[in-house]
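Read the structure below first, then the notes.
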Amino acid sequence: MSVQEKRPFLITDAKKDPRVNRLIKEKLDVEEFVIVPLLAHDKVIGVIIADNLFSGNIIDENNVQLLSTFANQAGLAFERAEAHDNLAKKMEELGQAYVKLQETQDKLVRSERLATIGKMAAHVAHEIRNPLATIGGFAHAMCKYPHDKKKVETNAEIIRDEVYRLERILQNVLDFTKPTLPTLRRESLNKVVNDTIILLHKEIEENSIVLRSSFDENIPEILFDSQQIKQAMINILKNAVYSILERQDKTADAVIGISTSLSKKHVKLTVSDTGNGMTKDVLENIFNPFFTTRPGGSGLGLAVTHKIVEDHGGFIEVNSHVGFGSEIIVYLPLQQ
Amino acid sequence: MHEHVLVVEDDRNQGKLYAEELREEGYSVTIATSGAEALDIIRSQRIELVVLDICMPGKDGIETLSDIMAIDNHMPVVINSAYGTYRDNFMTWAADAFVVKSSNLSELKSTVRLTLDKKMSEHH
């Protein structure tokens, strides 16, 4: 009854009380006792029975109350113990899951590395096929007409140019695979940006592109590797030039904007162009090695830029609108 | 009258090489350095066969191929690409032949000849 109704019962005449179970009557062999259910999560997990066989004192409501309080506490303790057990079990499961996850991640990293190496090998193989075919083709022609001085001269020049191209491909791949950590020095970003503009000035001018630059003079000197940042910026600028040259409307503005500015924790270098802009698909892939939309492009430029900026503890933001142009913002930390 | 071959190739040196070699075979050769330029030439001139590169800036070879087919779906086209993997792309299957770029141009030259002969026999 106590189990069914989940409440204590005070029995004063056990032998005559029809509510008392026969088994309890026989086992206890007392007239007066109190029975209190032990509850955990609102389920009866047992009962506590107390009699007065030794004391002989009358069991009153106070005693029932006391025993009920004790039963409640015991129930709670049981719940906690059970919860603790469950928690321990969950912790163990979590531990196992973590080990599994670690193994899977290791496997993933290994296969990703292999996939990158595979991609790189395929890319290099294809990239060198073009210049090799040209070199071989013109060399064949030279063999056919060894006395045609003009032909031999022209073909030799082409072969030389194609060999330069092969060397550039090789250098790009080497630059990308070489693990180089930045050599940090406190320098002026404005100065390095300006030096980079001077490097590419000719290319920008030759393509009738207008360059607009603005520098925030309040930018303090920050720690960075000037060579690497120059490289990162060259890669961004070359893409900007290409995007402008490839724009659909050739009469539209051809402008590259370069600016530096300060934010709370970063120094910002922004390069914008009025080129073609990028579709969502292209945007998602621009930092992936070997991804390129430019024929003959290595697909490594922005991947290298991304790596350099990350190695500096910075990050890159890209905004782009198809048909209007793109904006690449490099954030370098003010303090390392 | 020489058969007129259009070489579509953005790589200036390669275009020059194919033109020289095909001219030696007796063809009259025009070079287009982009897909758009190729389509203009096909619309305005009599072309017997197109040698088409795939990786080109702007309109690539695959797009150019479908545009060529839209203009003249009997136009013989030989794809000439450094990427043999494009063979698996069904968009290239509309072409009559596929040659992987190589320093040995004999395969390209013989494929051009075979494709032209085949088209000629189909028409007669």
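Residue numbers start at 1 in each chain; chains themselves are named A, B, ... in the order of the structure tokens; ligands are numbered from 1 in the order shown.
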
Test item, alpha helix (DSSP H) assignment across chain B, answer as a PyMOL selection string | chain B and resi 12-24+35-44+61-71+106-123

Check every residue of chain A for an atom within 10 Å of chain B, counting only C-alpha atoms, and provide those that qualify as an MDAnalysis selection string.
-> chainID A and resid 122:123 125:141 155 158:159 161:162 246:248 293:296

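Among the candidates A:Leu66, A:Val99, A:Leu223, A:Val330, the residue lying nearest to A:Ser263 is A:Val330 (atoms considered: only C-alpha atoms).
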
Give me the residues within 9 Å of B:Thr30 as a list in words, counting only C-alpha atoms and dropping any in the same chain fewer than 2 places off.
-> His4, Val5, Leu6, Val7, Val8, Ala19, Ser28, Ala32 and Ile41 of chain B

Residue among B:Ile71, B:Leu116, B:Ala97, B:Leu65 lying closest to B:Ser44, counting only C-alpha atoms = B:Ile71

Could you pull out the strand (DSSP E or B) residues of stretch 3-91 of chain B from DSSP and send them as a list in words?
-> His4, Val5, Leu6, Val7, Val8, Ser28, Val29, Thr30, Ile31, Ala32, Leu49, Val50, Val51, Leu52, Val77, Val78, Ile79, Asn80 and Ser81 of chain B

Store the residues picked out above, limited to N, CA, C and O atoms, as a compact mmCIF listing (two decimals), in the first residue's frame.
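Result file is again-v6.txt:
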```txt
# COMPACT_ATOMS: atom_id res chain seq x y z
N HIS B 4 40.99 25.16 -94.92
CA HIS B 4 41.21 26.25 -93.96
C HIS B 4 41.00 25.72 -92.52
O HIS B 4 39.91 25.33 -92.15
N VAL B 5 42.07 25.73 -91.76
CA VAL B 5 42.01 25.25 -90.37
C VAL B 5 42.09 26.44 -89.42
O VAL B 5 42.93 27.31 -89.59
N LEU B 6 41.19 26.45 -88.45
CA LEU B 6 41.23 27.50 -87.44
C LEU B 6 41.84 26.93 -86.15
O LEU B 6 41.32 25.94 -85.61
N VAL B 7 42.95 27.50 -85.71
CA VAL B 7 43.58 27.05 -84.46
C VAL B 7 43.16 28.02 -83.36
O VAL B 7 43.44 29.21 -83.44
N VAL B 8 42.47 27.49 -82.34
CA VAL B 8 42.05 28.34 -81.22
C VAL B 8 42.97 28.04 -80.04
O VAL B 8 42.92 26.96 -79.46
N SER B 28 45.70 26.01 -94.96
CA SER B 28 45.72 27.45 -94.72
C SER B 28 45.27 27.59 -93.26
O SER B 28 44.29 26.97 -92.85
N VAL B 29 46.03 28.37 -92.45
CA VAL B 29 45.75 28.39 -91.00
C VAL B 29 45.45 29.80 -90.51
O VAL B 29 46.15 30.75 -90.85
N THR B 30 44.41 29.91 -89.70
CA THR B 30 44.12 31.17 -89.00
C THR B 30 44.19 30.88 -87.51
O THR B 30 43.74 29.81 -87.07
N ILE B 31 44.77 31.81 -86.75
CA ILE B 31 44.85 31.60 -85.30
C ILE B 31 43.87 32.53 -84.60
O ILE B 31 43.81 33.72 -84.90
N ALA B 32 43.10 31.97 -83.65
CA ALA B 32 42.26 32.80 -82.78
C ALA B 32 42.80 32.61 -81.37
O ALA B 32 43.09 31.48 -80.97
N LEU B 49 37.99 23.05 -90.50
CA LEU B 49 38.22 22.29 -89.24
C LEU B 49 38.74 23.24 -88.17
O LEU B 49 39.46 24.20 -88.46
N VAL B 50 38.33 22.94 -86.92
CA VAL B 50 38.80 23.77 -85.79
C VAL B 50 39.67 22.92 -84.86
O VAL B 50 39.28 21.80 -84.49
N VAL B 51 40.87 23.42 -84.54
CA VAL B 51 41.70 22.80 -83.51
C VAL B 51 41.49 23.66 -82.27
O VAL B 51 41.77 24.86 -82.29
N LEU B 52 40.94 23.04 -81.22
CA LEU B 52 40.45 23.84 -80.10
C LEU B 52 41.14 23.50 -78.78
O LEU B 52 41.13 22.35 -78.32
N VAL B 77 35.72 19.33 -85.28
CA VAL B 77 36.50 19.96 -84.21
C VAL B 77 37.45 18.93 -83.60
O VAL B 77 37.04 17.81 -83.26
N VAL B 78 38.72 19.31 -83.49
CA VAL B 78 39.70 18.45 -82.80
C VAL B 78 40.12 19.19 -81.54
O VAL B 78 40.64 20.30 -81.61
N ILE B 79 39.84 18.59 -80.40
CA ILE B 79 40.27 19.23 -79.15
C ILE B 79 41.74 18.91 -78.92
O ILE B 79 42.18 17.77 -79.10
N ASN B 80 42.48 19.95 -78.54
CA ASN B 80 43.92 19.79 -78.32
C ASN B 80 44.20 20.39 -76.94
O ASN B 80 44.27 21.60 -76.79
N SER B 81 44.30 19.51 -75.93
CA SER B 81 44.43 20.02 -74.57
C SER B 81 45.59 19.37 -73.82
O SER B 81 45.95 18.23 -74.08
```
